[in-house]
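Shown next, in structure tokens, is the structure this report addresses.
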Amino acid sequence: MHTPKRRSPLISDAVSMSDTPVASHSRDRSQTNAVSHLLRNYSPQDLSADELFDSNGAVRPVWNDFLHHLAGLSDDAVATRFRRGNQYLRDVGVFYRKYGDKSADERDWPLSPIPVLLTASEWEEISTGLIQRADLLEQVAADLYGPAQLVQNGHLPASLVAHTPGWLRPMVGTAPSSGKFLNFLAFEVGRGPSGQWWVLGDRTDAPSGAGFALENRVATTRVFPNFYAHANVQRLAGFFQDFRNQLSNLRLNPDEPIGLLTPGQMNDGFFEHAYLARYLGLLLVEGEDLVVKNDRMHVRTVEGLRPISVLWRRLDSEFLDPLELNEDSALGTPGFLEVVRAGNLSTINAPGAGFLENRGFMAFLPQLCEVLTGRKLALPNIATWWCGQKEERAHVLSNLDRLRLVPTMGVEPATDTQPLASDLDRFLTAQGEFFVGQEAATKSTTPVWENGGLVSRPMTLRVFLARTDQGWKVLPGGYARVGTGTKSNPLGMQEGGSVSDVWVINPERQKTAATPSLIKGEAASLAQGTALPARAADNLFWLGRYIERAECAMRAFRAYHGLLGTGASPDDPLPELIQKNLLFSPTNSTKAMAFAFEDPVAQAQFCAAKIRDRFSVDGMLALKDLANASRVLSERPVPLEEVPSIVGTLLTKVTGFAGLVHENMYRSTGWRFLSLGLSIERAAQTAKLLSDTLLPSAPEGVFDLALELCDSVMSHRARYFSAPSATTVCDLVVLDVRNPRSVHYHISRAREHIAALPKRNGQHGLSECERLALQLETRMTVDLPDQLTSDGLLALRTEIWALSDHIAAEYLK
């Protein structure tokens with residue numbers, strides 16, 4: 001490696017003088033030079049707050065082995081490994097939602113592949129301090145929603161509580177059924193100028209990021225697989241296993257599901273919600289899936305209402321109940337708080353716990369800790385002054401050169417002290433309850449990879465705590481937010497920040513289960529099947545319909561251009577029939593007709609995205625690939641002779657997706673609804689096609705076209721020795737139950753799926769759906785091909801749609 005043009009003497013000395021193990025000193029000179037080259041541009045603003053170097057300018061020993069491993073990789077090897085980690089994240093569909101003025105777009109997960117390395121002893125210090133803080137916050141919440149002695153005794157200003165948006169008056173006097181207000185927490189932590197760790201923020205309402213921490217870990221191990229395997233990094237799975245056990249213990253009945261309440265697909269953390277639900281075996285539900293009845297919360301499932309008594313909510317408290325909280329909320333469930341007050345629902349965390357996120361409380365927590373526990377905070381928070389008090393407000397105004405003025409709730413501003421009005425004194429006198437002054441401390445810095453080497457960037461740790469039956473447990477590492485520049489700029493992904501894995505290095509290797517195991521005695525209840533929310537069934541049903549609709553349109557599109565390729569004119573009878581009756585296109589432009597399959601594919605992808613917790617990674621990848629490929633014909637001009645080949649590739653992808661679902665998907669109730677949607681759509685589409693074929697005005701060659709569109713050309717040749725006719729085509733494509741492309745085949749399959757669906761509310765005998773399906777199947781069995789007419793097939797399609805409507809009314813509402 002070449003000699004760097006410029007290197008800080010401090011960095012140069014640090015490489016050789018760091019307090020490393022004896023074995024590390026035996027590395028040859030070339031390795032030392034390679035490490036020096038990696039650090040040529042590494043210039044932290046404050047060594048005492050840096051993760052790589054200590055205050056003396058020496059590399060922290062925990063980093064030495066990793067630096068030498070990284071330095072031993074060529075530039076190409078590093079680039080390949082980084083691509084491997086990013087490719088994994090893209091393959092499994094990890095994303096965050098970037099909110100703009102007019103849209104909310106999915107963006108690739110911004111992984112910074114260099115992990116943050118901490119020793120087990122450092123992590124123990126952080127953990128001990130945060131456990132103490134979690135217990136303190138629990139005491140504060142229990143008091144303020146209970147006797148309120150902290151206010152009565154003058155330890156907390158009443159106006160601080162009253163002016164906190166997360167404070168829910170309807171919850172006053174309500175004790176959580178679990179006995180605790182707080183069960184899952186997150187804290188923002190950073191290393192201060194003295195090298196001590198500080199708490200920068202509390203996340204107590206619906207903390208996010210734990211699921212992303214798992215994916216960060218998997219992606220980073222793809223980047224450094226060999227090093228990670230021998231680095232004694234503490235594993236994450238045990239944390240989630242213990243938390244899941246705790247959730248199970250909170251249920252009122254052991255056969256009830258455990259729910260994870262999500263705001264829905266448009267939320268920036270939806271991928272995480274779906275991932276955690278799948279990883280922990282939870283039921284992913286939205287507010288519309290829940291209904292209150294007899295002071296109990298129920299899930300709308302395909303079997304009817306099913307009681308649920310534990311919800312890990314990822315929906316902010318404000319939106320939980322439109323009756324008692326935010327009346328404009330379309331995300332919550334009417335009567336939610338009623339069930340909580342009745343003691344029939346444990347929520348993680350209790351509704352209203354988010355008031356503790358108010359930065360104003362940080363000004364009082366040091367004193368409260370001494371009052372309530374007799375001890376000082378083991379892990380202090382950043383110095384804070386609440387501007388709702390006269391003396392503190394004056395202190396902030398007189399020290400704006402070293403303090404930052406920030407709102408008590410929400411995201412910090414992008415710059416330091418901002419004038420909020422021409423007269424700041426008057427403004428804070430009127431609005432001081434909503435602002436705090438905080439020390440403008442330099443954030444911790446950590447290495448990130450830029451331009452072939454390591455540079456320092458601002459960083460904070462997000463540390464997660466979960467309450468278990470043994471008390472609080474701390475997730476050992478997993479998540480760091482990293483800024484983009486050298487200053488202490490905002491670190492959120494919405495502002496352009498990235499995330500890193502956090503490795504807690506043990507002195508000895510430990511073994512941990514890779515995934516949460518079943519709780520003792522739970523296997524029997526799981527074996528009886530899991531609840532399927534009606535909303536999830538609805539999305540599966542329409543996923544099947546949209547995929548089949550897209551395939552039918554692709555076949556029609558290919559046939560249309562195949563006819564043009566043999567010299568036909570767009571105005572000729574057969575091409576015109578395809579354009580108007582099958583592709584429903586107002587014009588014969590390629591782009592307009594391609595919309596007939598592009599739109600169903602996009603709709604299918606939308607449905608699948610809403611049920612990520614029930615859909616395999618391979619299935620999502622295949623659908624994403626199909627969606628990208630389907631846009632080719634509308635994004636660029638394509639020569640006519642290439643169109644059939646492109647659409648042939650699309651058909652290969654769509655049939656491959658259908659085959660993947662059929663072969664790999666567990667034969668659950670969800671699979672039946674997906675298959676039902678496919679069969680209903682194919683039967684109806686085929687009935688419409690044959691109806692057009694049997695019209696007296698149908699052009700010559702229409703029977704050959706029907707066989708091509710139904711993918712039954714070879715079957716017809718094998719079965720009949722004559723040219724296609726109305727009788728042979730109807731016999732094969734409508735009535736032959738052995739032909740997987742026929743109407744009869746899919747009516748029979750739909751009838752079998754409906755018969756296997758769970759009976760609702762103890763229903764006996766045939767349901768209305770079963771009767772309709774049986775009647776349709778019987779008609780297909782007794783009809784003769786030469787008796788079928790165009791009007792009769794249109795009537796058949798109407799009855800198939802009626803069956804679809806009955807399925808929706810009975811199971812999907």
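In the structure tokens, each chain is lettered A, B, ... as it comes, each chain's residues begin at 1, and ligands are numbered from 1 in order of appearance.
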**OP:** Tell me which protein, DNA and RNA residues are within 10 Å of region 202-206 of chain A, counting only C-alpha atoms, leaving out same-chain ones fewer than 6 positions away, and put them as a PyMOL selection string.
**Re:** chain A and resi 133-134+137-138+166+181-189+312-318+348-359+361-362+381+462-464
How would the residues just chosen look if you wrote them out with N, CA, C and O atoms as a compact mmCIF listing (two decimals), in the first residue's frame?
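Once everything was written out, this is result_13.txt:
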# COMPACT_ATOMS: atom_id res chain seq x y z
N ARG A 133 -32.37 3.41 35.31
CA ARG A 133 -33.21 4.47 34.73
C ARG A 133 -34.59 3.93 34.38
O ARG A 133 -35.60 4.61 34.58
N ALA A 134 -34.63 2.70 33.85
CA ALA A 134 -35.92 2.09 33.51
C ALA A 134 -36.79 1.93 34.75
O ALA A 134 -38.01 2.22 34.72
N LEU A 137 -38.10 5.41 35.72
CA LEU A 137 -39.20 5.86 34.87
C LEU A 137 -40.49 5.11 35.18
O LEU A 137 -41.58 5.69 35.12
N GLU A 138 -40.39 3.84 35.52
CA GLU A 138 -41.57 3.07 35.92
C GLU A 138 -42.21 3.67 37.17
O GLU A 138 -43.44 3.81 37.25
N GLY A 166 -48.15 13.47 25.26
CA GLY A 166 -48.33 12.05 25.50
C GLY A 166 -49.05 11.71 26.78
O GLY A 166 -49.30 10.53 27.06
N PHE A 181 -46.20 -0.31 33.82
CA PHE A 181 -46.46 0.61 32.71
C PHE A 181 -45.47 0.39 31.58
O PHE A 181 -45.80 0.55 30.41
N LEU A 182 -44.24 0.06 31.92
CA LEU A 182 -43.16 -0.03 30.94
C LEU A 182 -42.67 -1.46 30.85
O LEU A 182 -42.32 -2.08 31.86
N ASN A 183 -42.61 -1.98 29.62
CA ASN A 183 -42.14 -3.35 29.41
C ASN A 183 -41.09 -3.45 28.31
O ASN A 183 -40.38 -4.45 28.23
N PHE A 184 -41.03 -2.44 27.45
CA PHE A 184 -40.03 -2.45 26.37
C PHE A 184 -39.61 -1.00 26.12
O PHE A 184 -40.46 -0.16 25.80
N LEU A 185 -38.32 -0.73 26.29
CA LEU A 185 -37.82 0.64 26.22
C LEU A 185 -36.62 0.75 25.30
O LEU A 185 -35.95 -0.25 24.99
N ALA A 186 -36.36 1.97 24.87
CA ALA A 186 -35.14 2.26 24.12
C ALA A 186 -34.56 3.57 24.65
O ALA A 186 -35.32 4.48 25.03
N PHE A 187 -33.25 3.65 24.68
CA PHE A 187 -32.57 4.86 25.12
C PHE A 187 -31.52 5.25 24.10
O PHE A 187 -30.81 4.39 23.55
N GLU A 188 -31.41 6.56 23.85
CA GLU A 188 -30.32 7.08 23.04
C GLU A 188 -29.16 7.39 23.97
O GLU A 188 -29.31 8.12 24.95
N VAL A 189 -27.99 6.81 23.66
CA VAL A 189 -26.83 6.92 24.54
C VAL A 189 -25.62 7.35 23.72
O VAL A 189 -25.45 6.92 22.57
N TRP A 312 -48.35 -6.15 21.68
CA TRP A 312 -47.13 -5.34 21.62
C TRP A 312 -47.43 -4.25 20.61
O TRP A 312 -47.45 -4.49 19.41
N ARG A 313 -47.71 -3.08 21.09
CA ARG A 313 -48.17 -2.04 20.18
C ARG A 313 -46.99 -1.24 19.61
O ARG A 313 -46.09 -0.83 20.34
N ARG A 314 -47.05 -1.05 18.31
CA ARG A 314 -46.10 -0.17 17.64
C ARG A 314 -46.83 1.04 17.08
O ARG A 314 -46.33 1.73 16.20
N LEU A 315 -48.01 1.27 17.60
CA LEU A 315 -48.83 2.42 17.27
C LEU A 315 -48.78 3.40 18.43
O LEU A 315 -49.01 3.01 19.58
N ASP A 316 -48.48 4.65 18.15
CA ASP A 316 -48.39 5.65 19.22
C ASP A 316 -49.71 5.75 19.98
O ASP A 316 -50.80 5.63 19.41
N SER A 317 -49.60 6.03 21.27
CA SER A 317 -50.78 6.06 22.14
C SER A 317 -51.88 6.97 21.62
O SER A 317 -53.07 6.66 21.72
N GLU A 318 -51.50 8.09 21.08
CA GLU A 318 -52.47 9.09 20.64
C GLU A 318 -53.50 8.53 19.67
O GLU A 318 -54.65 8.98 19.63
N ILE A 348 -47.94 -3.38 25.46
CA ILE A 348 -46.51 -3.11 25.62
C ILE A 348 -46.18 -1.90 24.75
O ILE A 348 -46.14 -2.02 23.54
N ASN A 349 -46.05 -0.73 25.31
CA ASN A 349 -46.18 -0.33 26.71
C ASN A 349 -47.61 0.15 26.99
O ASN A 349 -48.44 0.21 26.09
N ALA A 350 -47.86 0.49 28.26
CA ALA A 350 -49.20 0.95 28.63
C ALA A 350 -49.54 2.22 27.85
O ALA A 350 -48.66 3.06 27.62
N PRO A 351 -50.78 2.39 27.43
CA PRO A 351 -51.17 3.64 26.77
C PRO A 351 -50.84 4.84 27.66
O PRO A 351 -51.12 4.85 28.85
N GLY A 352 -50.22 5.85 27.07
CA GLY A 352 -49.85 7.05 27.82
C GLY A 352 -48.44 7.04 28.35
O GLY A 352 -47.99 8.04 28.93
N ALA A 353 -47.70 5.95 28.15
CA ALA A 353 -46.33 5.89 28.65
C ALA A 353 -45.41 6.85 27.91
O ALA A 353 -44.34 7.19 28.39
N GLY A 354 -45.85 7.32 26.75
CA GLY A 354 -45.00 8.18 25.94
C GLY A 354 -44.75 9.55 26.52
O GLY A 354 -43.86 10.28 26.06
N PHE A 355 -45.49 9.94 27.56
CA PHE A 355 -45.26 11.27 28.14
C PHE A 355 -43.85 11.38 28.72
O PHE A 355 -43.29 12.47 28.84
N LEU A 356 -43.25 10.24 29.07
CA LEU A 356 -41.90 10.25 29.64
C LEU A 356 -40.84 10.61 28.61
O LEU A 356 -39.68 10.83 28.97
N GLU A 357 -41.20 10.64 27.32
CA GLU A 357 -40.26 11.06 26.29
C GLU A 357 -40.05 12.57 26.28
O GLU A 357 -39.14 13.07 25.61
N ASN A 358 -40.88 13.29 27.01
CA ASN A 358 -40.72 14.74 27.13
C ASN A 358 -39.34 15.06 27.69
O ASN A 358 -38.98 14.63 28.79
N ARG A 359 -38.55 15.83 26.92
CA ARG A 359 -37.19 16.15 27.36
C ARG A 359 -37.18 16.98 28.64
O ARG A 359 -36.16 17.04 29.33
N PHE A 361 -38.55 16.25 31.38
CA PHE A 361 -38.36 15.37 32.53
C PHE A 361 -36.89 15.12 32.82
O PHE A 361 -36.52 14.81 33.96
N MET A 362 -36.06 15.23 31.77
CA MET A 362 -34.63 14.98 31.99
C MET A 362 -34.03 16.01 32.96
O MET A 362 -33.01 15.73 33.60
N ASN A 381 -28.02 11.80 32.47
CA ASN A 381 -28.47 12.28 31.16
C ASN A 381 -27.82 13.63 30.87
O ASN A 381 -27.24 14.27 31.76
N ARG A 462 -28.56 3.26 20.18
CA ARG A 462 -29.93 3.05 20.64
C ARG A 462 -29.94 1.69 21.35
O ARG A 462 -29.71 0.65 20.72
N VAL A 463 -30.19 1.73 22.64
CA VAL A 463 -30.11 0.54 23.48
C VAL A 463 -31.53 0.13 23.88
O VAL A 463 -32.31 0.96 24.33
N PHE A 464 -31.82 -1.16 23.74
CA PHE A 464 -33.17 -1.67 24.00
C PHE A 464 -33.20 -2.49 25.28
O PHE A 464 -32.29 -3.29 25.54
**OP:** Please report, as a ChimeraX atom specification, each residue of region 443-636 of chain A to which DSSP assigns strand (DSSP E or B) when run on this structure's backbone.
**Re:** /A:444-450,453-468,471-474,480-482,498-500,502-505,533
**OP:** May I ask which of the residues A:Thr80, A:Gln265, A:Ser712, A:Asn86 is the closest one to Asp736 (chain A), counting only C-alpha atoms?
**Re:** A:Ser712
Original post:
Could you name the residues that touch Leu400 (chain A) at 10 Å or less, counting only C-alpha atoms, but leaving out those on the same chain fewer than 2 positions away, as JSON, numbers by chain?
Top reply: {"A": [395, 396, 397, 398, 402, 403, 404, 405, 416, 417, 418, 437, 438, 439, 440]}
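For the choices A:Met266, A:Asp791, A:Ser569, A:Ile547, the atom-to-atom distance to Gly656 (chain A) is smallest for A:Ile547 when using only C-alpha atoms.
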